[in-house]
Amino acid sequence: MAIKERFAQIQPDGSWEIPRKVFHFSIAGVDPQDVYPYLVAFLSIVSTAELLRFNFEWFNNLYCIILGPLMRKSEIKMRINGVVYYLAGCIIVLYFFPRDISSLSIIYLSWTDPMASICGRLWGKYTPKYGGKSLAGSLGSFLTGAVVTYFYFMGPYPLSYNPASSAVPLAVMAVYGGLVASVSEAVSDLIFGLDDNLTIPVLSAVFLWLPLVYFQLGW
């Protein structure tokens, strides 16, 4: 039986991948610190399932039936499910970076990455392309990242940046946040072929941490 018929619930190539995007957006509505233990536990379960499915055909069939809506055709037999990289990226930034920086980096992953995909699909044909990306997608990522950064740092969460005392105005910080989000998304495919679910939050956290904490511009 053809793969397309066996795993019809897996999103076809070129589709909008709605279930995958909904999963992306979902974690942005919670405090990642509160779910950190659950992320670690879920990663352990999913990683174990990945090892099993690549060694047992029957388990892979069951796996694809259950998680098919979150998968791509290329992940059926040859690639690790993007959920593994998504969870790993979240866990890495939560462990190594301050709470506000890690949370904002995860929001970039949750919101700017799917927005880049949506804008790329809608308007990418009208703008220049580079690699598998488009200028339209990068602009969508930039605008989303800027808006998210602005409103995030207006809230009670920030520990690394205080708009009232920092030499960096909030509007400038928002623009920088948009650039961080768009650049992290745009160059993700160029970093040793790693999945962007891993590279986007890690790169974003590094780019935010350097000026705000290392160079002490946040306060």
# chains A, B, ... in the order shown; residues from 1 in each chain; ligands from 1

$ select_by_dssp --residues "region 41-178 of chain A" --states "strand (DSSP E)" --output "PyMOL selection string"
chain A and resi 129-130+133-134

$ write_last_selection --atoms "N, CA, C and O atoms" --output "PDB file, in the first residue's frame"
ATOM      1  N   LYS A 129      13.504  35.259  -3.179  1.00  0.00           N
ATOM      2  CA  LYS A 129      13.661  34.052  -2.377  1.00  0.00           C
ATOM      3  C   LYS A 129      15.138  33.771  -2.163  1.00  0.00           C
ATOM      4  O   LYS A 129      15.982  34.148  -2.975  1.00  0.00           O
ATOM      5  N   TYR A 130      15.437  33.131  -1.055  1.00  0.00           N
ATOM      6  CA  TYR A 130      16.809  32.732  -0.744  1.00  0.00           C
ATOM      7  C   TYR A 130      16.731  31.402  -0.006  1.00  0.00           C
ATOM      8  O   TYR A 130      16.095  31.283   1.027  1.00  0.00           O
ATOM      9  N   LYS A 133      13.538  30.065   1.798  1.00  0.00           N
ATOM     10  CA  LYS A 133      12.824  31.156   2.445  1.00  0.00           C
ATOM     11  C   LYS A 133      12.450  32.222   1.429  1.00  0.00           C
ATOM     12  O   LYS A 133      12.925  32.239   0.300  1.00  0.00           O
ATOM     13  N   SER A 134      11.582  33.147   1.865  1.00  0.00           N
ATOM     14  CA  SER A 134      11.207  34.280   1.016  1.00  0.00           C
ATOM     15  C   SER A 134      11.253  35.552   1.843  1.00  0.00           C
ATOM     16  O   SER A 134      11.140  35.532   3.076  1.00  0.00           O
TER      17      SER A 134
END

$ atom_distance --atom1 "CA of Gly140 (chain A)" --atom2 "CA of Met115 (chain A)"
6.0 Å

$ atom_distance --atom1 "CA of Ala146 (chain A)" --atom2 "CA of Val175 (chain A)"
5.3 Å

$ residues_around --residues "region 43-57 of chain A" --least-positions-apart "4" --cutoff "12 Å" --atoms "only C-alpha atoms" --output "ChimeraX atom specification"
/A:36-39,61-67,75-92

$ write_last_selection --atoms "N, CA, C and O atoms" --output "CSV table (one decimal), in the first residue's frame"
chain,number,residue,atom,x,y,z
A,36,TYR,N,8.0,23.2,32.4
A,36,TYR,CA,9.4,22.7,32.1
A,36,TYR,C,9.5,21.2,32.5
A,36,TYR,O,9.9,20.4,31.6
A,37,PRO,N,9.0,20.7,33.7
A,37,PRO,CA,9.1,19.3,34.0
A,37,PRO,C,8.3,18.4,33.0
A,37,PRO,O,8.8,17.3,32.6
A,38,TYR,N,7.2,19.0,32.5
A,38,TYR,CA,6.4,18.2,31.6
A,38,TYR,C,7.0,18.1,30.2
A,38,TYR,O,6.9,17.1,29.5
A,39,LEU,N,7.7,19.2,29.8
A,39,LEU,CA,8.4,19.2,28.6
A,39,LEU,C,9.5,18.2,28.6
A,39,LEU,O,9.7,17.4,27.6
A,61,ASN,N,4.2,2.4,12.2
A,61,ASN,CA,2.9,2.5,11.7
A,61,ASN,C,1.9,3.1,12.7
A,61,ASN,O,1.1,4.0,12.4
A,62,LEU,N,2.0,2.6,14.0
A,62,LEU,CA,1.2,3.1,15.0
A,62,LEU,C,1.5,4.5,15.4
A,62,LEU,O,0.6,5.3,15.6
A,63,TYR,N,2.8,4.8,15.4
A,63,TYR,CA,3.2,6.2,15.7
A,63,TYR,C,2.7,7.2,14.7
A,63,TYR,O,2.2,8.2,15.1
A,64,CYS,N,2.8,6.8,13.4
A,64,CYS,CA,2.3,7.7,12.4
A,64,CYS,C,0.8,7.9,12.4
A,64,CYS,O,0.3,9.0,12.0
A,65,ILE,N,0.1,6.9,12.8
A,65,ILE,CA,-1.3,7.0,12.9
A,65,ILE,C,-1.7,8.0,14.0
A,65,ILE,O,-2.6,8.8,13.8
A,66,ILE,N,-1.0,7.9,15.2
A,66,ILE,CA,-1.3,8.7,16.3
A,66,ILE,C,-0.9,10.2,16.1
A,66,ILE,O,-1.6,11.1,16.4
A,67,LEU,N,0.4,10.4,15.7
A,67,LEU,CA,1.0,11.7,15.6
A,67,LEU,C,1.0,12.2,14.1
A,67,LEU,O,1.6,13.2,13.9
A,75,GLU,N,9.1,12.7,7.3
A,75,GLU,CA,9.4,12.2,8.7
A,75,GLU,C,8.9,10.8,8.9
A,75,GLU,O,9.1,10.3,10.0
A,76,ILE,N,8.3,10.2,7.9
A,76,ILE,CA,7.7,8.9,8.1
A,76,ILE,C,8.8,7.8,8.4
A,76,ILE,O,8.7,7.0,9.3
A,77,LYS,N,9.9,7.8,7.6
A,77,LYS,CA,10.9,6.8,7.7
A,77,LYS,C,12.3,7.3,7.9
A,77,LYS,O,13.2,6.6,8.4
A,78,MET,N,12.6,8.6,7.5
A,78,MET,CA,14.0,9.0,7.4
A,78,MET,C,14.3,10.1,8.4
A,78,MET,O,15.5,10.2,8.8
A,79,ARG,N,13.4,10.9,8.8
A,79,ARG,CA,13.7,12.1,9.6
A,79,ARG,C,13.1,12.0,11.0
A,79,ARG,O,12.0,11.5,11.1
A,80,ILE,N,13.8,12.5,12.0
A,80,ILE,CA,13.2,12.6,13.3
A,80,ILE,C,12.1,13.6,13.3
A,80,ILE,O,12.2,14.7,12.7
A,81,ASN,N,11.0,13.3,14.0
A,81,ASN,CA,9.9,14.2,14.1
A,81,ASN,C,10.3,15.5,14.6
A,81,ASN,O,11.0,15.7,15.6
A,82,GLY,N,9.8,16.6,14.0
A,82,GLY,CA,10.1,18.0,14.4
A,82,GLY,C,9.7,18.3,15.9
A,82,GLY,O,10.2,19.2,16.5
A,83,VAL,N,8.7,17.5,16.4
A,83,VAL,CA,8.3,17.7,17.8
A,83,VAL,C,9.5,17.5,18.8
A,83,VAL,O,9.7,18.2,19.8
A,84,VAL,N,10.4,16.6,18.4
A,84,VAL,CA,11.6,16.3,19.3
A,84,VAL,C,12.5,17.5,19.3
A,84,VAL,O,12.9,18.0,20.4
A,85,TYR,N,12.7,18.2,18.2
A,85,TYR,CA,13.5,19.4,18.1
A,85,TYR,C,12.8,20.5,18.8
A,85,TYR,O,13.5,21.4,19.5
A,86,TYR,N,11.5,20.6,18.7
A,86,TYR,CA,10.7,21.7,19.3
A,86,TYR,C,10.9,21.6,20.8
A,86,TYR,O,11.2,22.6,21.5
A,87,LEU,N,10.7,20.4,21.4
A,87,LEU,CA,10.8,20.2,22.8
A,87,LEU,C,12.3,20.5,23.3
A,87,LEU,O,12.5,21.1,24.3
A,88,ALA,N,13.2,20.0,22.5
A,88,ALA,CA,14.6,20.1,22.9
A,88,ALA,C,15.0,21.6,22.9
A,88,ALA,O,15.7,22.1,23.8
A,89,GLY,N,14.6,22.4,21.9
A,89,GLY,CA,14.9,23.8,21.9
A,89,GLY,C,14.3,24.5,23.0
A,89,GLY,O,15.0,25.4,23.7
A,90,CYS,N,13.1,24.2,23.4
A,90,CYS,CA,12.4,24.8,24.6
A,90,CYS,C,13.2,24.5,25.9
A,90,CYS,O,13.4,25.4,26.7
A,91,ILE,N,13.6,23.3,26.0
A,91,ILE,CA,14.2,22.8,27.2
A,91,ILE,C,15.6,23.5,27.4
A,91,ILE,O,16.0,23.9,28.5
A,92,ILE,N,16.4,23.6,26.3
A,92,ILE,CA,17.7,24.2,26.3
A,92,ILE,C,17.6,25.6,26.7
A,92,ILE,O,18.4,26.0,27.6

$ residues_around --residues "Ala171 (chain A)" --least-positions-apart "3" --cutoff "10 Å" --atoms "only C-alpha atoms" --output "VMD selection string"
chain A and resid 146 to 147 149 to 150 163 168 174 to 177

$ atom_distance --atom1 "CA of Ser110 (chain A)" --atom2 "CA of Ala164 (chain A)"
27.6 Å

$ closest_residue --among "A:Val40, A:Leu70, A:Ile200, A:Leu135" --to "Trp123 (chain A)" --atoms "only C-alpha atoms"
A:Leu135

$ residues_around --residues "Ile101 (chain A)" --least-positions-apart "3" --cutoff "8 Å" --atoms "only C-alpha atoms" --output "NGL selection string"
:A and (97-98 or 104-105 or 160 or 205 or 208-209)

$ write_last_selection --atoms "N, CA, C and O atoms" --output "PDB file, in the first residue's frame"
ATOM      1  N   PHE A  97      19.105  30.026  30.077  1.00  0.00           N
ATOM      2  CA  PHE A  97      18.915  31.466  29.968  1.00  0.00           C
ATOM      3  C   PHE A  97      17.898  31.980  31.006  1.00  0.00           C
ATOM      4  O   PHE A  97      17.083  31.212  31.515  1.00  0.00           O
ATOM      5  N   PRO A  98      17.949  33.300  31.297  1.00  0.00           N
ATOM      6  CA  PRO A  98      16.969  33.877  32.239  1.00  0.00           C
ATOM      7  C   PRO A  98      15.543  33.633  31.774  1.00  0.00           C
ATOM      8  O   PRO A  98      15.278  33.454  30.584  1.00  0.00           O
ATOM      9  N   LEU A 104      10.580  34.519  25.902  1.00  0.00           N
ATOM     10  CA  LEU A 104      10.407  35.274  24.667  1.00  0.00           C
ATOM     11  C   LEU A 104      10.944  34.503  23.464  1.00  0.00           C
ATOM     12  O   LEU A 104      10.349  34.531  22.377  1.00  0.00           O
ATOM     13  N   SER A 105      12.031  33.790  23.646  1.00  0.00           N
ATOM     14  CA  SER A 105      12.596  32.979  22.564  1.00  0.00           C
ATOM     15  C   SER A 105      11.629  31.880  22.142  1.00  0.00           C
ATOM     16  O   SER A 105      11.499  31.571  20.952  1.00  0.00           O
ATOM     17  N   SER A 160      15.438  40.824  32.553  1.00  0.00           N
ATOM     18  CA  SER A 160      16.678  41.216  31.908  1.00  0.00           C
ATOM     19  C   SER A 160      16.594  42.574  31.221  1.00  0.00           C
ATOM     20  O   SER A 160      17.618  43.121  30.808  1.00  0.00           O
ATOM     21  N   ALA A 205      17.599  33.247  21.866  1.00  0.00           N
ATOM     22  CA  ALA A 205      18.020  33.452  23.253  1.00  0.00           C
ATOM     23  C   ALA A 205      19.428  34.033  23.317  1.00  0.00           C
ATOM     24  O   ALA A 205      19.706  34.944  24.112  1.00  0.00           O
ATOM     25  N   LEU A 208      19.366  37.731  22.229  1.00  0.00           N
ATOM     26  CA  LEU A 208      18.745  38.576  23.247  1.00  0.00           C
ATOM     27  C   LEU A 208      19.650  38.712  24.476  1.00  0.00           C
ATOM     28  O   LEU A 208      19.770  39.787  25.067  1.00  0.00           O
ATOM     29  N   TRP A 209      20.282  37.623  24.851  1.00  0.00           N
ATOM     30  CA  TRP A 209      21.117  37.613  26.059  1.00  0.00           C
ATOM     31  C   TRP A 209      22.359  38.493  25.909  1.00  0.00           C
ATOM     32  O   TRP A 209      22.755  39.178  26.870  1.00  0.00           O
TER      33      TRP A 209
END

$ closest_residue --among "A:Leu212, A:Leu203, A:Asn162, A:Arg99" --to "Ile191 (chain A)" --atoms "only C-alpha atoms"
A:Leu203

$ closest_residue --among "A:Ile106, A:Gly137, A:Ala181, A:Asp34" --to "Arg121 (chain A)" --atoms "only C-alpha atoms"
A:Gly137

$ select_by_dssp --residues "region 24-200 of chain A" --states "helix (DSSP H, G or I)" --output "PyMOL selection string"
chain A and resi 24-29+32-53+57-70+73-75+82-96+99-126+135-154+170-186+188-190+196-200

$ closest_residue --among "A:Asn197, A:Thr127, A:Ser165, A:Ser141" --to "Phe23 (chain A)" --atoms "only C-alpha atoms"
A:Asn197
